[in-house]
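Peer 1: Provided below: structure32.csv, containing CSV, N, CA and C atoms.
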```csv
chain,number,residue,atom,x,y,z
A,1485,MET,N,-25.3,34.7,-12.4
A,1485,MET,CA,-24.5,33.8,-13.1
A,1485,MET,C,-23.5,34.5,-13.9
A,1486,GLN,N,-23.8,35.6,-14.5
A,1486,GLN,CA,-22.8,36.4,-15.3
A,1486,GLN,C,-21.7,37.0,-14.4
A,1487,GLN,N,-22.1,37.3,-13.1
A,1487,GLN,CA,-21.1,37.8,-12.2
A,1487,GLN,C,-20.0,36.7,-11.9
A,1488,ILE,N,-20.5,35.5,-11.8
A,1488,ILE,CA,-19.6,34.4,-11.5
A,1488,ILE,C,-18.7,34.2,-12.7
A,1489,PHE,N,-19.3,34.2,-13.9
A,1489,PHE,CA,-18.5,34.0,-15.1
A,1489,PHE,C,-17.4,35.2,-15.3
A,1490,LYS,N,-17.9,36.4,-15.0
A,1490,LYS,CA,-17.0,37.5,-15.0
A,1490,LYS,C,-15.8,37.4,-14.0
A,1491,MET,N,-16.2,36.9,-12.8
A,1491,MET,CA,-15.1,36.8,-11.8
A,1491,MET,C,-14.1,35.7,-12.2
A,1492,VAL,N,-14.6,34.6,-12.7
A,1492,VAL,CA,-13.7,33.5,-13.2
A,1492,VAL,C,-12.8,34.0,-14.3
A,1493,GLN,N,-13.4,34.8,-15.2
A,1493,GLN,CA,-12.7,35.4,-16.3
A,1493,GLN,C,-11.6,36.3,-15.8
A,1494,GLN,N,-11.9,37.1,-14.8
A,1494,GLN,CA,-10.9,38.1,-14.3
A,1494,GLN,C,-9.7,37.3,-13.6
A,1495,VAL,N,-10.1,36.3,-12.8
A,1495,VAL,CA,-9.1,35.5,-12.1
A,1495,VAL,C,-8.2,34.8,-13.1
A,1496,THR,N,-8.8,34.2,-14.1
A,1496,THR,CA,-8.0,33.5,-15.1
A,1496,THR,C,-7.1,34.5,-15.8
A,1497,SER,N,-7.5,35.7,-16.2
A,1497,SER,CA,-6.7,36.6,-16.9
A,1497,SER,C,-5.5,37.1,-16.0
A,1498,VAL,N,-5.8,37.3,-14.7
A,1498,VAL,CA,-4.7,37.7,-13.8
A,1498,VAL,C,-3.7,36.5,-13.7
A,1499,MET,N,-4.2,35.3,-13.6
A,1499,MET,CA,-3.2,34.2,-13.5
A,1499,MET,C,-2.4,34.0,-14.8
A,1500,LEU,N,-3.0,34.2,-15.9
A,1500,LEU,CA,-2.3,34.2,-17.2
A,1500,LEU,C,-1.2,35.2,-17.3
A,1501,VAL,N,-1.5,36.4,-16.9
A,1501,VAL,CA,-0.6,37.5,-17.0
A,1501,VAL,C,0.6,37.2,-16.0
A,1502,PHE,N,0.3,36.8,-14.8
A,1502,PHE,CA,1.4,36.5,-13.9
A,1502,PHE,C,2.2,35.2,-14.3
A,1503,SER,N,1.5,34.3,-14.9
A,1503,SER,CA,2.3,33.1,-15.3
A,1503,SER,C,3.3,33.6,-16.4
A,1504,LEU,N,2.9,34.5,-17.3
A,1504,LEU,CA,3.8,35.0,-18.3
A,1504,LEU,C,4.9,35.8,-17.6
A,1505,LEU,N,4.6,36.6,-16.6
A,1505,LEU,CA,5.7,37.3,-15.8
A,1505,LEU,C,6.6,36.3,-15.2
A,1506,PHE,N,6.1,35.2,-14.6
A,1506,PHE,CA,6.9,34.2,-14.0
A,1506,PHE,C,7.9,33.5,-15.0
A,1507,HIS,N,7.4,33.3,-16.2
A,1507,HIS,CA,8.3,32.7,-17.2
A,1507,HIS,C,9.4,33.7,-17.7
A,1508,ILE,N,9.0,35.0,-17.8
A,1508,ILE,CA,9.9,36.0,-18.2
A,1508,ILE,C,11.0,36.2,-17.1
A,1509,PHE,N,10.6,36.3,-15.8
A,1509,PHE,CA,11.5,36.5,-14.7
A,1509,PHE,C,11.7,35.2,-13.9
A,1510,SER,N,11.9,34.1,-14.6
A,1510,SER,CA,12.0,32.8,-13.9
A,1510,SER,C,13.2,32.7,-13.0
A,1511,ASP,N,14.3,33.3,-13.3
A,1511,ASP,CA,15.5,33.2,-12.5
A,1511,ASP,C,15.7,34.4,-11.6
A,1512,SER,N,14.7,35.3,-11.6
A,1512,SER,CA,14.8,36.5,-10.9
A,1512,SER,C,14.4,36.4,-9.4
A,1513,SER,N,15.0,37.2,-8.6
A,1513,SER,CA,14.6,37.2,-7.2
A,1513,SER,C,13.3,37.9,-6.9
A,1514,TYR,N,12.7,38.5,-8.0
A,1514,TYR,CA,11.4,39.2,-7.9
A,1514,TYR,C,10.3,38.2,-8.0
A,1515,ARG,N,10.5,36.9,-8.2
A,1515,ARG,CA,9.5,35.9,-8.4
A,1515,ARG,C,8.5,35.9,-7.2
A,1516,ARG,N,9.1,35.9,-6.0
A,1516,ARG,CA,8.2,35.8,-4.8
A,1516,ARG,C,7.4,37.1,-4.7
A,1517,TYR,N,7.8,38.2,-5.1
A,1517,TYR,CA,7.0,39.4,-5.1
A,1517,TYR,C,5.9,39.3,-6.1
A,1518,PHE,N,6.2,38.8,-7.2
A,1518,PHE,CA,5.1,38.6,-8.2
A,1518,PHE,C,4.0,37.6,-7.7
A,1519,GLN,N,4.5,36.6,-7.0
A,1519,GLN,CA,3.5,35.6,-6.4
A,1519,GLN,C,2.7,36.3,-5.3
A,1520,PHE,N,3.3,37.1,-4.6
A,1520,PHE,CA,2.6,37.9,-3.5
A,1520,PHE,C,1.5,38.8,-4.1
A,1521,VAL,N,1.9,39.6,-5.1
A,1521,VAL,CA,1.0,40.5,-5.8
A,1521,VAL,C,-0.1,39.7,-6.5
A,1522,GLU,N,0.2,38.6,-7.1
A,1522,GLU,CA,-0.8,37.8,-7.8
A,1522,GLU,C,-1.8,37.3,-6.7
A,1523,GLY,N,-1.3,36.8,-5.6
A,1523,GLY,CA,-2.2,36.3,-4.6
A,1523,GLY,C,-3.1,37.4,-4.1
A,1524,LEU,N,-2.6,38.6,-3.9
A,1524,LEU,CA,-3.4,39.8,-3.4
A,1524,LEU,C,-4.5,40.1,-4.4
A,1525,LEU,N,-4.1,40.2,-5.7
A,1525,LEU,CA,-5.0,40.5,-6.8
A,1525,LEU,C,-6.1,39.5,-6.9
A,1526,ILE,N,-5.8,38.2,-6.8
A,1526,ILE,CA,-6.8,37.2,-6.8
A,1526,ILE,C,-7.8,37.3,-5.6
A,1527,LEU,N,-7.2,37.5,-4.4
A,1527,LEU,CA,-8.1,37.7,-3.3
A,1527,LEU,C,-9.0,38.9,-3.4
A,1528,LEU,N,-8.4,40.0,-4.0
A,1528,LEU,CA,-9.2,41.2,-4.2
A,1528,LEU,C,-10.3,40.9,-5.2
A,1529,LEU,N,-10.0,40.2,-6.2
A,1529,LEU,CA,-11.0,39.9,-7.2
A,1529,LEU,C,-12.1,39.0,-6.7
A,1530,LEU,N,-11.8,38.1,-5.7
A,1530,LEU,CA,-12.8,37.2,-5.1
A,1530,LEU,C,-13.6,37.9,-4.1
A,1531,ILE,N,-13.0,38.8,-3.3
A,1531,ILE,CA,-13.7,39.5,-2.2
A,1531,ILE,C,-14.6,40.6,-2.7
A,1532,THR,N,-14.2,41.3,-3.8
A,1532,THR,CA,-15.0,42.4,-4.3
A,1532,THR,C,-16.5,42.1,-4.6
A,1533,PRO,N,-16.8,41.0,-5.2
A,1533,PRO,CA,-18.3,40.7,-5.4
A,1533,PRO,C,-19.0,40.5,-4.1
A,1534,LEU,N,-18.3,39.9,-3.2
A,1534,LEU,CA,-18.9,39.6,-1.9
A,1534,LEU,C,-19.3,40.9,-1.1
A,1535,VAL,N,-18.3,41.9,-1.2
A,1535,VAL,CA,-18.6,43.2,-0.6
A,1535,VAL,C,-19.7,43.9,-1.3
A,1536,GLN,N,-19.7,43.8,-2.6
A,1536,GLN,CA,-20.8,44.5,-3.3
A,1536,GLN,C,-22.1,43.8,-3.0
A,1537,TYR,N,-22.1,42.5,-2.9
A,1537,TYR,CA,-23.4,41.8,-2.5
A,1537,TYR,C,-23.9,42.2,-1.2
A,1538,THR,N,-23.0,42.4,-0.2
A,1538,THR,CA,-23.5,42.8,1.2
A,1538,THR,C,-24.0,44.2,1.1
A,1539,LYS,N,-23.3,45.1,0.3
A,1539,LYS,CA,-23.8,46.4,0.2
A,1539,LYS,C,-25.2,46.4,-0.4
A,1540,LYS,N,-25.4,45.6,-1.4
A,1540,LYS,CA,-26.7,45.5,-2.0
A,1540,LYS,C,-27.8,45.0,-1.0
A,1541,GLN,N,-27.4,44.1,-0.2
A,1541,GLN,CA,-28.3,43.6,0.9
A,1541,GLN,C,-28.6,44.7,1.8
A,1542,ASP,N,-27.7,45.5,2.2
A,1542,ASP,CA,-28.0,46.7,3.1
A,1542,ASP,C,-28.9,47.6,2.4
A,1543,PHE,N,-28.7,47.8,1.1
A,1543,PHE,CA,-29.5,48.7,0.3
A,1543,PHE,C,-30.9,48.2,0.3
A,1544,MET,N,-31.0,46.9,0.1
A,1544,MET,CA,-32.4,46.2,0.0
A,1544,MET,C,-33.1,46.3,1.3
A,1545,GLU,N,-32.3,46.1,2.4
A,1545,GLU,CA,-32.9,46.2,3.8
A,1545,GLU,C,-33.4,47.6,4.0
A,1546,ASN,N,-32.6,48.6,3.6
A,1546,ASN,CA,-33.0,50.0,3.8
A,1546,ASN,C,-34.2,50.3,3.0
A,1547,CYS,N,-34.3,49.9,1.8
A,1547,CYS,CA,-35.5,50.1,1.0
A,1547,CYS,C,-36.7,49.4,1.6
A,1548,PHE,N,-36.5,48.2,2.1
A,1548,PHE,CA,-37.6,47.5,2.8
A,1548,PHE,C,-38.1,48.3,4.0
A,1549,GLU,N,-37.2,48.8,4.8
A,1549,GLU,CA,-37.5,49.6,6.0
A,1549,GLU,C,-38.3,50.8,5.6
A,1550,ILE,N,-37.8,51.5,4.6
A,1550,ILE,CA,-38.4,52.7,4.1
A,1550,ILE,C,-39.9,52.5,3.6
A,1551,HIS,N,-40.0,51.4,2.8
A,1551,HIS,CA,-41.3,51.1,2.3
A,1551,HIS,C,-42.2,50.6,3.5
A,1552,GLN,N,-41.7,49.9,4.4
A,1552,GLN,CA,-42.5,49.4,5.5
A,1552,GLN,C,-42.9,50.6,6.4
A,1553,SER,N,-42.1,51.5,6.7
A,1553,SER,CA,-42.5,52.7,7.4
A,1553,SER,C,-43.5,53.5,6.6
A,1554,GLU,N,-43.4,53.6,5.3
A,1554,GLU,CA,-44.3,54.3,4.5
A,1554,GLU,C,-45.7,53.6,4.6
A,1555,TRP,N,-45.7,52.3,4.5
A,1555,TRP,CA,-46.9,51.5,4.5
A,1555,TRP,C,-47.6,51.7,5.9
A,1556,GLN,N,-46.8,51.7,7.0
A,1556,GLN,CA,-47.4,51.9,8.3
A,1556,GLN,C,-47.9,53.3,8.5
A,1557,ARG,N,-47.3,54.3,7.9
A,1557,ARG,CA,-47.8,55.6,8.0
A,1557,ARG,C,-49.1,55.7,7.2
A,1558,GLN,N,-49.2,55.1,6.0
A,1558,GLN,CA,-50.4,55.1,5.2
A,1558,GLN,C,-51.5,54.4,6.0
A,1559,GLU,N,-51.2,53.3,6.6
A,1559,GLU,CA,-52.2,52.5,7.4
A,1559,GLU,C,-52.7,53.4,8.5
A,1560,LEU,N,-51.8,54.1,9.2
A,1560,LEU,CA,-52.3,55.0,10.3
A,1560,LEU,C,-53.2,56.1,9.8
A,1561,GLU,N,-52.8,56.7,8.7
A,1561,GLU,CA,-53.6,57.8,8.1
A,1561,GLU,C,-55.0,57.2,7.7
A,1562,ASP,N,-55.0,56.0,7.1
A,1562,ASP,CA,-56.3,55.4,6.8
A,1562,ASP,C,-57.2,55.2,8.0
A,1563,GLU,N,-56.5,54.7,9.0
A,1563,GLU,CA,-57.2,54.4,10.3
A,1563,GLU,C,-57.8,55.6,10.9
A,1564,MET,N,-57.0,56.7,10.9
A,1564,MET,CA,-57.4,58.0,11.5
A,1564,MET,C,-58.6,58.5,10.7
A,1565,GLU,N,-58.5,58.4,9.3
A,1565,GLU,CA,-59.6,58.8,8.5
A,1565,GLU,C,-60.9,58.1,8.8
A,1566,MET,N,-60.8,56.8,9.0
A,1566,MET,CA,-61.9,55.9,9.3
A,1566,MET,C,-62.5,56.3,10.7
A,1567,ILE,N,-61.6,56.6,11.6
A,1567,ILE,CA,-62.1,57.0,13.0
A,1567,ILE,C,-62.8,58.3,12.9
A,1568,GLY,N,-62.3,59.2,12.1
A,1568,GLY,CA,-62.9,60.5,11.9
A,1568,GLY,C,-64.3,60.4,11.3
A,1569,LYS,N,-64.5,59.5,10.3
A,1569,LYS,CA,-65.8,59.2,9.7
A,1569,LYS,C,-66.7,58.6,10.7
A,1570,LYS,N,-66.3,57.7,11.5
A,1570,LYS,CA,-67.1,57.1,12.5
A,1570,LYS,C,-67.5,58.1,13.5
A,1571,ARG,N,-66.6,59.0,13.9
A,1571,ARG,CA,-66.9,60.0,14.8
A,1571,ARG,C,-68.0,61.0,14.3
A,1572,GLU,N,-67.9,61.3,13.0
A,1572,GLU,CA,-68.9,62.2,12.4
A,1572,GLU,C,-70.3,61.5,12.3
A,1573,GLU,N,-70.3,60.2,12.0
A,1573,GLU,CA,-71.5,59.5,12.0
A,1573,GLU,C,-72.1,59.4,13.4
A,1574,TRP,N,-71.3,59.2,14.4
A,1574,TRP,CA,-71.8,59.2,15.8
A,1574,TRP,C,-72.4,60.5,16.2
A,1575,ILE,N,-71.7,61.6,15.8
A,1575,ILE,CA,-72.2,62.9,16.1
A,1575,ILE,C,-73.6,63.2,15.4
A,1576,LYS,N,-73.7,62.8,14.2
A,1576,LYS,CA,-74.9,62.9,13.4
A,1576,LYS,C,-76.0,62.1,14.1
A,1577,ASN,N,-75.7,60.9,14.4
A,1577,ASN,CA,-76.7,60.0,15.1
A,1577,ASN,C,-77.1,60.6,16.4
A,1578,GLN,N,-76.2,61.2,17.2
A,1578,GLN,CA,-76.5,61.8,18.5
A,1578,GLN,C,-77.4,63.0,18.3
A,1579,SER,N,-77.1,63.8,17.3
A,1579,SER,CA,-77.9,65.0,17.0
A,1579,SER,C,-79.3,64.6,16.5
A,1580,ARG,N,-79.4,63.5,15.7
A,1580,ARG,CA,-80.7,63.0,15.3
A,1580,ARG,C,-81.5,62.5,16.5
A,1581,GLU,N,-80.9,61.7,17.3
A,1581,GLU,CA,-81.6,61.2,18.5
A,1581,GLU,C,-82.1,62.3,19.4
A,1582,GLU,N,-81.2,63.4,19.6
A,1582,GLU,CA,-81.6,64.5,20.4
A,1582,GLU,C,-82.8,65.2,19.8
A,1583,SER,N,-82.7,65.4,18.5
A,1583,SER,CA,-83.9,66.1,17.8
A,1583,SER,C,-85.1,65.3,17.9
A,1584,GLN,N,-85.0,64.0,17.8
A,1584,GLN,CA,-86.2,63.1,17.9
A,1584,GLN,C,-86.7,63.2,19.3
A,1585,GLU,N,-85.9,63.2,20.3
A,1585,GLU,CA,-86.3,63.3,21.7
A,1585,GLU,C,-87.0,64.6,21.9
A,1586,GLU,N,-86.5,65.7,21.3
A,1586,GLU,CA,-87.1,67.0,21.5
A,1586,GLU,C,-88.5,67.0,20.8
A,1587,ARG,N,-88.6,66.4,19.7
A,1587,ARG,CA,-89.9,66.3,19.0
A,1587,ARG,C,-90.9,65.5,19.8
A,1588,GLN,N,-90.4,64.4,20.3
A,1588,GLN,CA,-91.3,63.6,21.2
A,1588,GLN,C,-91.7,64.3,22.4
A,1589,GLU,N,-90.8,65.1,23.0
A,1589,GLU,CA,-91.1,65.8,24.2
A,1589,GLU,C,-92.1,66.9,23.8
A,1590,GLY,N,-91.9,67.6,22.7
A,1590,GLY,CA,-92.8,68.6,22.2
A,1590,GLY,C,-94.1,68.1,21.9
A,1591,GLU,N,-94.2,66.9,21.3
A,1591,GLU,CA,-95.5,66.3,21.0
A,1591,GLU,C,-96.2,65.9,22.3
A,1592,SER,N,-95.5,65.3,23.2
A,1592,SER,CA,-96.1,64.9,24.5
A,1592,SER,C,-96.6,66.1,25.3
A,1593,GLU,N,-95.8,67.3,25.2
A,1593,GLU,CA,-96.3,68.5,25.9
A,1593,GLU,C,-97.5,69.0,25.2
A,1594,GLY,N,-97.6,68.9,23.9
A,1594,GLY,CA,-98.7,69.4,23.1
A,1594,GLY,C,-99.9,68.6,23.4
A,1595,ARG,N,-99.8,67.3,23.6
A,1595,ARG,CA,-100.9,66.4,24.0
A,1595,ARG,C,-101.4,66.7,25.3
A,1596,LEU,N,-100.5,67.0,26.2
A,1596,LEU,CA,-100.9,67.4,27.6
A,1596,LEU,C,-101.7,68.6,27.7
A,1597,GLU,N,-101.3,69.6,26.8
A,1597,GLU,CA,-102.0,70.9,26.9
A,1597,GLU,C,-103.4,70.8,26.3
A,1598,LYS,N,-103.7,69.9,25.4
A,1598,LYS,CA,-105.0,69.7,24.8
A,1598,LYS,C,-105.9,69.0,25.8
```
Is it possible to give me this structure as structure tokens?
Peer 2:
Amino acid sequence: MQQIFKMVQQVTSVMLVFSLLFHIFSDSSYRRYFQFVEGLLILLLLITPLVQYTKKQDFMENCFEIHQSEWQRQELEDEMEMIGKKREEWIKNQSREESQEERQEGESEGRLEK
């Protein structure tokens, strides 16, 4: 809202300055040049906020992409950590099962010998 107010204020001040110049040089052949420069300045004042806004949009999109890639990287790291933990649990369970099987085999061999 303040940007719009500032833009209107700038355009109004440019128009006031050039209207003063038009009255000072009312009979001069330079009047058309003043009108041309006034039009260019007003266009420049109106276009500048739009260009800044699009640059801000690009900046915001770049920030979003950076944060999105960071979030995806963190998600992959978390997933890899979880996979590593599951793998370790699986290895421990396998070793427990093997040791239980060995005990059972040892006990069954011990019973057979008696």
Peer 1: Identify which of the residues A:Leu1500, A:Ile1575, A:Met1491, A:Ile1550 lies closest to A:Glu1522, counting only C-alpha atoms when measuring atom-to-atom distances.
Peer 2: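 Once distances to A:Glu1522 are computed over only C-alpha atoms, the minimum belongs to A:Leu1500.
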Peer 1: Between atom N of A:Leu1529 and atom N of A:Val1495, what is the distance, to one decimal in Å?
Peer 2: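 Taking atom N of A:Leu1529 and atom N of A:Val1495, their separation equals 7.7 Å.
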Peer 1: Counting only C-alpha atoms, which residue out of A:Gln1519, A:Ser1579, A:Gln1487, A:Gln1493 sits closest to A:Thr1532?
Peer 2: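 Looking only at the distances to A:Thr1532, the closest residue turns out to be A:Gln1487.
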Peer 1: Using Å and a single decimal, report how far atom N of A:Thr1496 sits from atom CA of A:Leu1525.
Peer 2: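 Spanning atom CA of A:Leu1525 to atom N of A:Thr1496 is a straight-line distance of 10.4 Å.
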Peer 1: What separation in Å, quoted to one decimal, exists between atom C of A:Phe1548 and atom N of A:Met1564?
Peer 2: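 One can read the atom C of A:Phe1548 to atom N of A:Met1564 distance as 21.8 Å.
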Peer 1: Which is closer to A:Leu1534 than all the others in A:Ser1510, A:Ile1488, A:Glu1591, A:Glu1586, using only C-alpha atoms?
Peer 2: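 When distances to A:Leu1534 are compared using only C-alpha atoms, the smallest one comes from A:Ile1488.
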Peer 1: Identify which of the residues A:Gln1486, A:Arg1587, A:Arg1571, A:Phe1502 lies closest to A:Val1521, counting only C-alpha atoms when measuring atom-to-atom distances.
Peer 2: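 Ranked by minimum distance to A:Val1521, first place goes to A:Phe1502.
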